[in-house]
file model-v9.tsv (TSV, N, CA, C and O atoms and all ligand atoms)
chain	number	residue	atom	x	y	z
A	1	PRO	N	12.96	-7.26	21.33
A	1	PRO	CA	11.90	-7.78	20.47
A	1	PRO	C	11.61	-6.84	19.31
A	1	PRO	O	11.69	-5.63	19.49
A	2	GLY	N	11.25	-7.40	18.19
A	2	GLY	CA	10.97	-6.57	17.02
A	2	GLY	C	9.57	-5.98	17.07
A	2	GLY	O	8.77	-6.32	17.92
A	3	THR	N	9.33	-5.06	16.16
A	3	THR	CA	8.00	-4.45	16.06
A	3	THR	C	7.00	-5.51	15.60
A	3	THR	O	7.27	-6.25	14.67
A	4	PRO	N	5.84	-5.61	16.27
A	4	PRO	CA	4.87	-6.64	15.93
A	4	PRO	C	4.05	-6.29	14.68
A	4	PRO	O	2.90	-5.90	14.79
A	5	TYR	N	4.67	-6.43	13.53
A	5	TYR	CA	3.96	-6.12	12.30
A	5	TYR	C	2.82	-7.10	12.06
A	5	TYR	O	2.89	-8.27	12.42
A	6	LEU	N	1.77	-6.60	11.43
A	6	LEU	CA	0.60	-7.42	11.12
A	6	LEU	C	0.87	-8.39	9.98
A	6	LEU	O	1.69	-8.14	9.11
A	7	ARG	N	0.13	-9.48	10.01
A	7	ARG	CA	0.08	-10.37	8.86
A	7	ARG	C	-1.26	-10.09	8.19
A	7	ARG	O	-2.32	-10.36	8.74
A	8	VAL	N	-1.19	-9.50	7.01
A	8	VAL	CA	-2.38	-9.00	6.34
A	8	VAL	C	-2.82	-9.96	5.23
A	8	VAL	O	-2.02	-10.31	4.36
A	9	THR	N	-4.10	-10.36	5.29
A	9	THR	CA	-4.64	-11.28	4.28
A	9	THR	C	-5.37	-10.50	3.18
A	9	THR	O	-5.72	-9.32	3.38
A	10	PRO	N	-5.65	-11.14	2.05
A	10	PRO	CA	-6.40	-10.48	0.97
A	10	PRO	C	-7.75	-9.94	1.44
A	10	PRO	O	-8.16	-8.85	1.04
A	11	SER	N	-8.44	-10.65	2.32
A	11	SER	CA	-9.76	-10.18	2.76
A	11	SER	C	-9.64	-8.95	3.65
A	11	SER	O	-10.52	-8.08	3.64
A	12	MET	N	-8.57	-8.85	4.42
A	12	MET	CA	-8.32	-7.64	5.21
A	12	MET	C	-7.97	-6.48	4.29
A	12	MET	O	-8.49	-5.38	4.41
A	13	LEU	N	-7.08	-6.76	3.35
A	13	LEU	CA	-6.56	-5.72	2.46
A	13	LEU	C	-7.66	-5.05	1.65
A	13	LEU	O	-7.68	-3.83	1.50
A	14	LYS	N	-8.60	-5.84	1.13
A	14	LYS	CA	-9.56	-5.29	0.18
A	14	LYS	C	-10.54	-4.30	0.81
A	14	LYS	O	-11.22	-3.57	0.11
A	15	LYS	N	-10.60	-4.27	2.14
A	15	LYS	CA	-11.45	-3.29	2.84
A	15	LYS	C	-10.75	-1.94	2.99
A	15	LYS	O	-11.39	-0.93	3.26
A	16	MET	N	-9.42	-1.94	2.84
A	16	MET	CA	-8.65	-0.73	3.14
A	16	MET	C	-8.45	0.12	1.89
A	16	MET	O	-7.34	0.27	1.39
A	17	THR	N	-9.55	0.67	1.41
A	17	THR	CA	-9.57	1.40	0.15
A	17	THR	C	-9.46	2.90	0.32
A	17	THR	O	-9.40	3.63	-0.67
A	18	GLY	N	-9.47	3.38	1.58
A	18	GLY	CA	-9.48	4.81	1.82
A	18	GLY	C	-10.89	5.38	1.81
A	18	GLY	O	-11.07	6.58	1.98
A	19	ARG	N	-11.88	4.53	1.63
A	19	ARG	CA	-13.27	4.98	1.65
A	19	ARG	C	-13.99	4.42	2.87
A	19	ARG	O	-13.44	3.61	3.60
A	20	LYS	N	-15.20	4.91	3.09
A	20	LYS	CA	-16.02	4.47	4.22
A	20	LYS	C	-15.29	4.62	5.56
A	20	LYS	O	-15.40	3.78	6.45
A	21	GLY	N	-14.52	5.70	5.68
A	21	GLY	CA	-13.85	5.99	6.94
A	21	GLY	C	-12.65	5.11	7.23
A	21	GLY	O	-12.08	5.19	8.32
A	22	LYS	N	-12.25	4.28	6.28
A	22	LYS	CA	-11.11	3.40	6.51
A	22	LYS	C	-9.85	4.00	5.90
A	22	LYS	O	-9.90	4.78	4.95
A	23	ASP	N	-8.70	3.61	6.44
A	23	ASP	CA	-7.43	4.01	5.87
A	23	ASP	C	-7.22	3.33	4.53
A	23	ASP	O	-7.89	2.35	4.20
A	24	ALA	N	-6.27	3.87	3.77
A	24	ALA	CA	-5.89	3.28	2.49
A	24	ALA	C	-4.59	2.51	2.64
A	24	ALA	O	-3.57	3.08	3.02
A	25	TRP	N	-4.66	1.20	2.38
A	25	TRP	CA	-3.47	0.36	2.42
A	25	TRP	C	-3.12	-0.11	1.02
A	25	TRP	O	-4.02	-0.28	0.17
A	26	ILE	N	-1.83	-0.35	0.78
A	26	ILE	CA	-1.38	-0.86	-0.52
A	26	ILE	C	-0.32	-1.92	-0.28
A	26	ILE	O	0.46	-1.81	0.68
A	27	VAL	N	-0.30	-2.93	-1.13
A	27	VAL	CA	0.78	-3.91	-1.09
A	27	VAL	C	1.81	-3.53	-2.15
A	27	VAL	O	1.47	-3.30	-3.32
A	28	LEU	N	3.06	-3.42	-1.73
A	28	LEU	CA	4.17	-3.19	-2.65
A	28	LEU	C	5.29	-4.16	-2.28
A	28	LEU	O	5.77	-4.15	-1.14
A	29	GLY	N	5.67	-5.00	-3.21
A	29	GLY	CA	6.77	-5.92	-2.96
A	29	GLY	C	6.55	-6.86	-1.78
A	29	GLY	O	7.50	-7.20	-1.07
A	30	GLY	N	5.29	-7.24	-1.55
A	30	GLY	CA	5.00	-8.19	-0.48
A	30	GLY	C	4.81	-7.56	0.89
A	30	GLY	O	4.50	-8.26	1.85
A	31	ARG	N	5.02	-6.24	0.96
A	31	ARG	CA	4.80	-5.54	2.22
A	31	ARG	C	3.56	-4.66	2.12
A	31	ARG	O	3.23	-4.18	1.04
A	32	VAL	N	2.89	-4.45	3.25
A	32	VAL	CA	1.66	-3.67	3.29
A	32	VAL	C	1.95	-2.30	3.92
A	32	VAL	O	2.53	-2.23	5.01
A	33	TYR	N	1.55	-1.24	3.22
A	33	TYR	CA	1.79	0.12	3.70
A	33	TYR	C	0.47	0.87	3.85
A	33	TYR	O	-0.44	0.71	3.03
A	34	ASN	N	0.40	1.72	4.88
A	34	ASN	CA	-0.72	2.63	5.05
A	34	ASN	C	-0.36	3.93	4.33
A	34	ASN	O	0.47	4.70	4.82
A	35	ILE	N	-0.99	4.17	3.19
A	35	ILE	CA	-0.64	5.34	2.38
A	35	ILE	C	-1.51	6.56	2.71
A	35	ILE	O	-1.36	7.61	2.08
A	36	THR	N	-2.37	6.45	3.71
A	36	THR	CA	-3.27	7.56	4.06
A	36	THR	C	-2.52	8.87	4.33
A	36	THR	O	-2.89	9.91	3.78
A	37	PRO	N	-1.44	8.86	5.16
A	37	PRO	CA	-0.77	10.13	5.44
A	37	PRO	C	-0.06	10.72	4.23
A	37	PRO	O	0.22	11.91	4.19
A	38	TYR	N	0.23	9.87	3.25
A	38	TYR	CA	0.98	10.34	2.07
A	38	TYR	C	0.07	10.89	0.98
A	38	TYR	O	0.53	11.62	0.09
A	39	LEU	N	-1.21	10.60	1.05
A	39	LEU	CA	-2.14	11.00	-0.01
A	39	LEU	C	-2.03	12.48	-0.43
A	39	LEU	O	-1.94	12.77	-1.62
A	40	PRO	N	-2.01	13.43	0.54
A	40	PRO	CA	-1.96	14.84	0.14
A	40	PRO	C	-0.63	15.25	-0.50
A	40	PRO	O	-0.54	16.31	-1.10
A	41	PHE	N	0.39	14.40	-0.35
A	41	PHE	CA	1.72	14.75	-0.85
A	41	PHE	C	2.09	14.05	-2.15
A	41	PHE	O	3.14	14.31	-2.73
A	42	HIS	N	1.28	13.13	-2.61
A	42	HIS	CA	1.62	12.36	-3.81
A	42	HIS	C	1.66	13.28	-5.04
A	42	HIS	O	0.66	13.90	-5.38
A	43	PRO	N	2.81	13.35	-5.74
A	43	PRO	CA	2.92	14.25	-6.90
A	43	PRO	C	1.93	13.94	-8.01
A	43	PRO	O	1.58	14.81	-8.80
A	44	GLY	N	1.49	12.70	-8.08
A	44	GLY	CA	0.52	12.32	-9.10
A	44	GLY	C	-0.93	12.52	-8.66
A	44	GLY	O	-1.85	12.25	-9.44
A	45	GLY	N	-1.14	13.01	-7.45
A	45	GLY	CA	-2.49	13.29	-6.98
A	45	GLY	C	-3.11	12.15	-6.20
A	45	GLY	O	-2.69	11.00	-6.30
A	46	GLU	N	-4.12	12.50	-5.41
A	46	GLU	CA	-4.79	11.50	-4.57
A	46	GLU	C	-5.53	10.42	-5.37
A	46	GLU	O	-5.41	9.24	-5.07
A	47	PRO	N	-6.32	10.80	-6.37
A	47	PRO	CA	-7.06	9.76	-7.12
A	47	PRO	C	-6.14	8.72	-7.75
A	47	PRO	O	-6.46	7.52	-7.76
A	48	GLU	N	-5.00	9.18	-8.28
A	48	GLU	CA	-4.05	8.24	-8.89
A	48	GLU	C	-3.51	7.28	-7.84
A	48	GLU	O	-3.48	6.06	-8.04
A	49	LEU	N	-3.09	7.82	-6.71
A	49	LEU	CA	-2.53	6.96	-5.66
A	49	LEU	C	-3.58	5.96	-5.15
A	49	LEU	O	-3.26	4.80	-4.88
A	50	LEU	N	-4.81	6.41	-5.08
A	50	LEU	CA	-5.88	5.53	-4.58
A	50	LEU	C	-6.22	4.40	-5.55
A	50	LEU	O	-6.91	3.44	-5.16
A	51	ARG	N	-5.73	4.48	-6.77
A	51	ARG	CA	-5.91	3.35	-7.70
A	51	ARG	C	-5.25	2.09	-7.15
A	51	ARG	O	-5.63	0.98	-7.47
A	52	GLY	N	-4.21	2.29	-6.32
A	52	GLY	CA	-3.51	1.15	-5.77
A	52	GLY	C	-4.01	0.73	-4.39
A	52	GLY	O	-3.50	-0.23	-3.81
A	53	ALA	N	-5.02	1.43	-3.87
A	53	ALA	CA	-5.48	1.17	-2.50
A	53	ALA	C	-6.34	-0.08	-2.42
A	53	ALA	O	-7.14	-0.37	-3.31
A	54	GLY	N	-6.16	-0.83	-1.35
A	54	GLY	CA	-6.95	-2.04	-1.13
A	54	GLY	C	-6.53	-3.20	-2.01
A	54	GLY	O	-7.26	-4.19	-2.12
A	55	ARG	N	-5.36	-3.11	-2.62
A	55	ARG	CA	-4.92	-4.20	-3.48
A	55	ARG	C	-3.39	-4.25	-3.59
A	55	ARG	O	-2.69	-3.42	-3.02
A	56	ASP	N	-2.93	-5.22	-4.36
A	56	ASP	CA	-1.49	-5.32	-4.63
A	56	ASP	C	-1.16	-4.37	-5.78
A	56	ASP	O	-1.52	-4.63	-6.92
A	57	GLY	N	-0.47	-3.26	-5.45
A	57	GLY	CA	-0.17	-2.25	-6.45
A	57	GLY	C	1.23	-2.38	-7.04
A	57	GLY	O	1.69	-1.47	-7.72
A	58	THR	N	1.88	-3.51	-6.79
A	58	THR	CA	3.28	-3.66	-7.20
A	58	THR	C	3.47	-3.44	-8.71
A	58	THR	O	4.35	-2.69	-9.13
A	59	ARG	N	2.61	-4.10	-9.50
A	59	ARG	CA	2.79	-3.99	-10.96
A	59	ARG	C	2.45	-2.59	-11.46
A	59	ARG	O	3.19	-2.00	-12.26
A	60	LEU	N	1.33	-2.04	-10.97
A	60	LEU	CA	0.91	-0.69	-11.35
A	60	LEU	C	1.99	0.33	-11.02
A	60	LEU	O	2.36	1.17	-11.84
A	61	PHE	N	2.51	0.26	-9.80
A	61	PHE	CA	3.57	1.16	-9.36
A	61	PHE	C	4.78	1.07	-10.30
A	61	PHE	O	5.33	2.07	-10.74
A	62	GLY	N	5.16	-0.17	-10.61
A	62	GLY	CA	6.34	-0.39	-11.44
A	62	GLY	C	6.16	0.05	-12.89
A	62	GLY	O	7.12	0.39	-13.57
A	63	GLU	N	4.90	0.07	-13.35
A	63	GLU	CA	4.63	0.53	-14.71
A	63	GLU	C	4.76	2.04	-14.82
A	63	GLU	O	5.04	2.58	-15.88
A	64	ILE	N	4.50	2.75	-13.68
A	64	ILE	CA	4.43	4.21	-13.72
A	64	ILE	C	5.75	4.86	-13.31
A	64	ILE	O	6.26	5.73	-14.01
A	65	HIS	N	6.29	4.45	-12.17
A	65	HIS	CA	7.54	5.09	-11.71
A	65	HIS	C	8.40	4.11	-10.90
A	65	HIS	O	8.48	4.22	-9.68
A	66	PRO	N	9.05	3.18	-11.63
A	66	PRO	CA	9.90	2.19	-10.95
A	66	PRO	C	11.11	2.80	-10.25
A	66	PRO	O	11.72	2.14	-9.41
A	67	TRP	N	11.43	4.06	-10.57
A	67	TRP	CA	12.59	4.71	-9.94
A	67	TRP	C	12.27	5.28	-8.56
A	67	TRP	O	13.16	5.69	-7.83
A	68	VAL	N	10.98	5.34	-8.21
A	68	VAL	CA	10.61	5.93	-6.92
A	68	VAL	C	10.93	4.96	-5.77
A	68	VAL	O	10.56	3.79	-5.81
A	69	ASN	N	11.63	5.47	-4.74
A	69	ASN	CA	12.07	4.66	-3.61
A	69	ASN	C	10.97	4.57	-2.54
A	69	ASN	O	11.03	5.21	-1.50
A	70	TYR	N	9.96	3.75	-2.82
A	70	TYR	CA	8.83	3.68	-1.89
A	70	TYR	C	9.22	3.09	-0.53
A	70	TYR	O	8.64	3.44	0.49
A	71	GLU	N	10.20	2.19	-0.53
A	71	GLU	CA	10.60	1.59	0.75
A	71	GLU	C	11.12	2.64	1.72
A	71	GLU	O	10.82	2.61	2.91
A	72	GLY	N	11.92	3.57	1.18
A	72	GLY	CA	12.42	4.65	2.02
A	72	GLY	C	11.33	5.63	2.41
A	72	GLY	O	11.21	6.02	3.57
A	73	MET	N	10.53	6.00	1.42
A	73	MET	CA	9.50	7.02	1.65
A	73	MET	C	8.41	6.55	2.62
A	73	MET	O	7.85	7.34	3.37
A	74	LEU	N	8.09	5.25	2.56
A	74	LEU	CA	6.98	4.73	3.35
A	74	LEU	C	7.44	3.88	4.54
A	74	LEU	O	6.64	3.16	5.14
A	75	ALA	N	8.71	4.02	4.93
A	75	ALA	CA	9.23	3.19	6.02
A	75	ALA	C	8.41	3.34	7.30
A	75	ALA	O	8.16	2.37	8.01
A	76	ALA	N	7.96	4.57	7.57
A	76	ALA	CA	7.19	4.82	8.79
A	76	ALA	C	5.72	4.40	8.64
A	76	ALA	O	4.96	4.47	9.60
A	77	CYS	N	5.35	4.02	7.44
A	77	CYS	CA	3.95	3.66	7.14
A	77	CYS	C	3.78	2.15	6.98
A	77	CYS	O	2.72	1.68	6.55
A	78	LEU	N	4.82	1.39	7.29
A	78	LEU	CA	4.75	-0.06	7.14
A	78	LEU	C	3.76	-0.66	8.14
A	78	LEU	O	3.86	-0.45	9.34
A	79	VAL	N	2.81	-1.42	7.61
A	79	VAL	CA	1.79	-2.06	8.44
A	79	VAL	C	2.18	-3.51	8.74
A	79	VAL	O	2.03	-3.99	9.86
A	80	GLY	N	2.67	-4.20	7.75
A	80	GLY	CA	3.01	-5.61	7.94
A	80	GLY	C	3.33	-6.30	6.64
A	80	GLY	O	3.71	-5.65	5.66
A	81	ILE	N	3.19	-7.62	6.64
A	81	ILE	CA	3.48	-8.39	5.44
A	81	ILE	C	2.20	-9.00	4.89
A	81	ILE	O	1.24	-9.26	5.63
A	82	TYR	N	2.19	-9.21	3.59
A	82	TYR	CA	1.02	-9.74	2.90
A	82	TYR	C	1.12	-11.26	2.86
A	82	TYR	O	2.12	-11.82	2.41
A	83	VAL	N	0.09	-11.92	3.36
A	83	VAL	CA	0.11	-13.38	3.43
A	83	VAL	C	-1.16	-13.96	2.80
A	83	VAL	O	-2.18	-13.27	2.74
A	84	PRO	N	-1.12	-15.20	2.36
A	84	PRO	CA	-2.30	-15.84	1.82
A	84	PRO	C	-3.40	-15.97	2.88
A	84	PRO	O	-3.11	-15.97	4.08
A	85	GLU	N	-4.63	-16.11	2.43
A	85	GLU	CA	-5.79	-16.13	3.33
A	85	GLU	C	-5.66	-17.13	4.47
A	85	GLU	O	-5.92	-16.83	5.62
A	86	GLU	N	-5.22	-18.32	4.17
A	86	GLU	CA	-5.23	-19.39	5.18
A	86	GLU	C	-4.17	-19.21	6.26
A	86	GLU	O	-4.23	-19.85	7.30
A	87	GLU	N	-3.21	-18.26	6.02
A	87	GLU	CA	-2.17	-18.03	7.01
A	87	GLU	C	-2.50	-16.83	7.89
A	87	GLU	O	-1.69	-16.42	8.70
A	88	GLY	N	-3.70	-16.27	7.75
A	88	GLY	CA	-4.05	-15.06	8.49
A	88	GLY	C	-4.23	-15.30	9.97
A	88	GLY	O	-4.41	-16.43	10.43
A	89	GLY	N	-4.17	-14.21	10.72
A	89	GLY	CA	-4.25	-14.31	12.16
A	89	GLY	C	-5.67	-14.23	12.71
A	89	GLY	O	-5.89	-14.41	13.88
A	90	ASP	N	-6.67	-13.92	11.83
A	90	ASP	CA	-8.03	-13.84	12.37
A	90	ASP	C	-9.05	-14.41	11.41
A	90	ASP	O	-9.02	-14.35	10.26
B	101	LIG	C1	4.26	10.51	-9.61
B	101	LIG	C2	0.60	7.40	-10.11
B	101	LIG	C3	1.88	5.19	-6.01
B	101	LIG	C4	5.34	8.49	-5.36
B	101	LIG	C5	3.15	9.85	-10.10
B	101	LIG	C6	2.50	10.14	-11.36
B	101	LIG	C7	1.47	9.28	-11.48
B	101	LIG	C8	1.47	8.43	-10.32
B	101	LIG	C9	0.48	9.20	-12.64
B	101	LIG	C10	2.95	11.19	-12.36
B	101	LIG	C11	2.48	12.55	-11.99
B	101	LIG	C12	2.99	13.58	-13.00
B	101	LIG	O1	4.16	13.51	-13.40
B	101	LIG	O2	2.23	14.46	-13.35
B	101	LIG	C13	0.66	6.49	-9.07
B	101	LIG	C14	-0.20	5.34	-8.92
B	101	LIG	C15	0.16	4.70	-7.78
B	101	LIG	C16	1.26	5.48	-7.20
B	101	LIG	C17	-1.31	4.90	-9.88
B	101	LIG	C18	-0.42	3.41	-7.24
B	101	LIG	C19	0.29	2.30	-7.23
B	101	LIG	C20	2.90	5.91	-5.45
B	101	LIG	C21	3.53	5.62	-4.18
B	101	LIG	C22	4.51	6.55	-4.00
B	101	LIG	C23	4.49	7.42	-5.15
B	101	LIG	C24	3.13	4.48	-3.26
B	101	LIG	C25	5.51	6.75	-2.89
B	101	LIG	C26	5.50	6.12	-1.75
B	101	LIG	C27	5.39	9.27	-6.47
B	101	LIG	C28	6.43	10.24	-6.75
B	101	LIG	C29	6.13	10.80	-7.98
B	101	LIG	C30	4.89	10.20	-8.43
B	101	LIG	C31	7.62	10.55	-5.85
B	101	LIG	C32	6.96	11.82	-8.75
B	101	LIG	C33	7.95	10.99	-9.57
B	101	LIG	C34	8.80	11.80	-10.52
B	101	LIG	O3	8.37	12.86	-10.97
B	101	LIG	O4	9.90	11.31	-10.85
B	101	LIG	N1	2.50	8.80	-9.49
B	101	LIG	N2	1.51	6.55	-8.02
B	101	LIG	N3	3.49	7.03	-6.01
B	101	LIG	N4	4.49	9.27	-7.50
B	101	LIG	FE1	2.99	7.94	-7.74

call {"tool": "encode", "arguments": {"input": "model-v9.tsv", "output": "structure tokens"}}
result
Amino acid sequence: PGTPYLRVTPSMLKKMTGRKGKDAWIVLGGRVYNITPYLPFHPGGEPELLRGAGRDGTRLFGEIHPWVNYEGMLAACLVGIYVPEEEGGD
């Protein structure tokens, strides 16, 4: 059996800003990643990385550094896939 990845809706995602004791999640290319462990290591700094937290950061990421291999770097941080609200699990 495969890993039971979450199906993440927009309402779930928008809470995951890295504030109020919550982890920071980002959507990149339709997949949801927990970027909390990577925050201290981001070459552009924590505040910059947090600009993409709690939302779909695909376009922002691509405007800044499209050459960065986020799929490889964040493979262990994969939370699940991003789905429309009505397809959510809760
Ligand atoms: C560098 C912003 C997400 C990995 C940078 C820099 C900025 C930035 C401004 C340039 C720092 C400098 O040269 O002084 C952002 C923003 C993000 C984001 C706004 C939100 C979408 C990510 C993610 C990853 C990542 C998700 C990896 C999983 C890197 C790497 C560099 C970098 C590796 C160095 C790239 C190089 O020098 O070629 N970022 N970043 N960033 N960021 Fe991000």

call {"tool": "residues_near_ligand", "arguments": {"input": "model-v9.tsv", "ligand": "ligand LIG 101 (chain B)", "cutoff": "6 Å", "atoms": "all atoms listed in the file", "output": "list of chain:residue names"}}
result
A:His42, A:Pro43, A:Gly44, A:Gly45, A:Glu48, A:Leu49, A:Leu50, A:Arg51, A:Gly52, A:Gly57, A:Leu60, A:Phe61, A:Val68, A:Asn69, A:Tyr70, A:Met73, A:Leu74

call {"tool": "residues_around", "arguments": {"input": "model-v9.tsv", "residues": "stretch 21-24 of chain A", "least_positions_apart": "2", "cutoff": "7 Å", "atoms": "only C-alpha atoms", "output": "list of chain:residue names"}}
result
A:Met16, A:Thr17, A:Gly18, A:Arg19, A:Ile26, A:Asn34, A:Ile35, A:Thr36, A:Ala53, A:Gly54

call {"tool": "closest_residue", "arguments": {"input": "model-v9.tsv", "among": "A:Tyr5, A:Glu85, A:Val79, A:Lys15", "to": "A:Val32", "atoms": "all atoms listed in the file"}}
result
A:Val79

call {"tool": "atom_distance", "arguments": {"input": "model-v9.tsv", "atom1": "atom CA of A:Phe41", "atom2": "atom CA of A:Thr58"}}
result
19.5 Å

call {"tool": "atom_distance", "arguments": {"input": "model-v9.tsv", "atom1": "atom O of A:Pro84", "atom2": "atom N of A:Asp56"}}
result
13.7 Å

call {"tool": "closest_residue", "arguments": {"input": "model-v9.tsv", "among": "A:Ala75, A:Pro66, A:Val83, A:Arg55", "to": "A:Val27", "atoms": "all atoms listed in the file"}}
result
A:Arg55

call {"tool": "select_by_dssp", "arguments": {"input": "model-v9.tsv", "residues": "chain A", "states": "strand (DSSP E)", "output": "list of chain:residue names"}}
result
A:Leu6, A:Arg7, A:Val8, A:Trp25, A:Ile26, A:Val27, A:Leu28, A:Arg31, A:Val32, A:Tyr33, A:Asn34, A:Arg55, A:Asp56, A:Leu78, A:Val79, A:Gly80, A:Ile81, A:Tyr82

call {"tool": "write_last_selection", "arguments": {"input": "model-v9.tsv", "atoms": "N, CA, C and O atoms", "output": "CSV table (one decimal), in the frame of the given file"}}
result
chain,number,residue,atom,x,y,z
A,6,LEU,N,1.8,-6.6,11.4
A,6,LEU,CA,0.6,-7.4,11.1
A,6,LEU,C,0.9,-8.4,10.0
A,6,LEU,O,1.7,-8.1,9.1
A,7,ARG,N,0.1,-9.5,10.0
A,7,ARG,CA,0.1,-10.4,8.9
A,7,ARG,C,-1.3,-10.1,8.2
A,7,ARG,O,-2.3,-10.4,8.7
A,8,VAL,N,-1.2,-9.5,7.0
A,8,VAL,CA,-2.4,-9.0,6.3
A,8,VAL,C,-2.8,-10.0,5.2
A,8,VAL,O,-2.0,-10.3,4.4
A,25,TRP,N,-4.7,1.2,2.4
A,25,TRP,CA,-3.5,0.4,2.4
A,25,TRP,C,-3.1,-0.1,1.0
A,25,TRP,O,-4.0,-0.3,0.2
A,26,ILE,N,-1.8,-0.4,0.8
A,26,ILE,CA,-1.4,-0.9,-0.5
A,26,ILE,C,-0.3,-1.9,-0.3
A,26,ILE,O,0.5,-1.8,0.7
A,27,VAL,N,-0.3,-2.9,-1.1
A,27,VAL,CA,0.8,-3.9,-1.1
A,27,VAL,C,1.8,-3.5,-2.2
A,27,VAL,O,1.5,-3.3,-3.3
A,28,LEU,N,3.1,-3.4,-1.7
A,28,LEU,CA,4.2,-3.2,-2.6
A,28,LEU,C,5.3,-4.2,-2.3
A,28,LEU,O,5.8,-4.2,-1.1
A,31,ARG,N,5.0,-6.2,1.0
A,31,ARG,CA,4.8,-5.5,2.2
A,31,ARG,C,3.6,-4.7,2.1
A,31,ARG,O,3.2,-4.2,1.0
A,32,VAL,N,2.9,-4.4,3.2
A,32,VAL,CA,1.7,-3.7,3.3
A,32,VAL,C,2.0,-2.3,3.9
A,32,VAL,O,2.5,-2.2,5.0
A,33,TYR,N,1.6,-1.2,3.2
A,33,TYR,CA,1.8,0.1,3.7
A,33,TYR,C,0.5,0.9,3.8
A,33,TYR,O,-0.4,0.7,3.0
A,34,ASN,N,0.4,1.7,4.9
A,34,ASN,CA,-0.7,2.6,5.0
A,34,ASN,C,-0.4,3.9,4.3
A,34,ASN,O,0.5,4.7,4.8
A,55,ARG,N,-5.4,-3.1,-2.6
A,55,ARG,CA,-4.9,-4.2,-3.5
A,55,ARG,C,-3.4,-4.2,-3.6
A,55,ARG,O,-2.7,-3.4,-3.0
A,56,ASP,N,-2.9,-5.2,-4.4
A,56,ASP,CA,-1.5,-5.3,-4.6
A,56,ASP,C,-1.2,-4.4,-5.8
A,56,ASP,O,-1.5,-4.6,-6.9
A,78,LEU,N,4.8,1.4,7.3
A,78,LEU,CA,4.8,-0.1,7.1
A,78,LEU,C,3.8,-0.7,8.1
A,78,LEU,O,3.9,-0.4,9.3
A,79,VAL,N,2.8,-1.4,7.6
A,79,VAL,CA,1.8,-2.1,8.4
A,79,VAL,C,2.2,-3.5,8.7
A,79,VAL,O,2.0,-4.0,9.9
A,80,GLY,N,2.7,-4.2,7.8
A,80,GLY,CA,3.0,-5.6,7.9
A,80,GLY,C,3.3,-6.3,6.6
A,80,GLY,O,3.7,-5.6,5.7
A,81,ILE,N,3.2,-7.6,6.6
A,81,ILE,CA,3.5,-8.4,5.4
A,81,ILE,C,2.2,-9.0,4.9
A,81,ILE,O,1.2,-9.3,5.6
A,82,TYR,N,2.2,-9.2,3.6
A,82,TYR,CA,1.0,-9.7,2.9
A,82,TYR,C,1.1,-11.3,2.9
A,82,TYR,O,2.1,-11.8,2.4

call {"tool": "select_by_dssp", "arguments": {"input": "model-v9.tsv", "residues": "chain A", "states": "alpha helix (DSSP H)", "output": "list of chain:residue names"}}
result
A:Pro10, A:Ser11, A:Met12, A:Leu13, A:Glu46, A:Pro47, A:Glu48, A:Leu49, A:Leu50, A:Thr58, A:Arg59, A:Leu60, A:Phe61, A:Gly62, A:Glu63, A:Ile64, A:Tyr70, A:Glu71, A:Gly72, A:Met73

call {"tool": "atom_distance", "arguments": {"input": "model-v9.tsv", "atom1": "atom O of A:Lys14", "atom2": "atom O of A:Cys77"}}
result
16.2 Å

call {"tool": "closest_residue", "arguments": {"input": "model-v9.tsv", "among": "A:Pro4, A:Pro37, A:Gly62, A:Pro47", "to": "A:Ala76", "atoms": "only C-alpha atoms"}}
result
A:Pro37
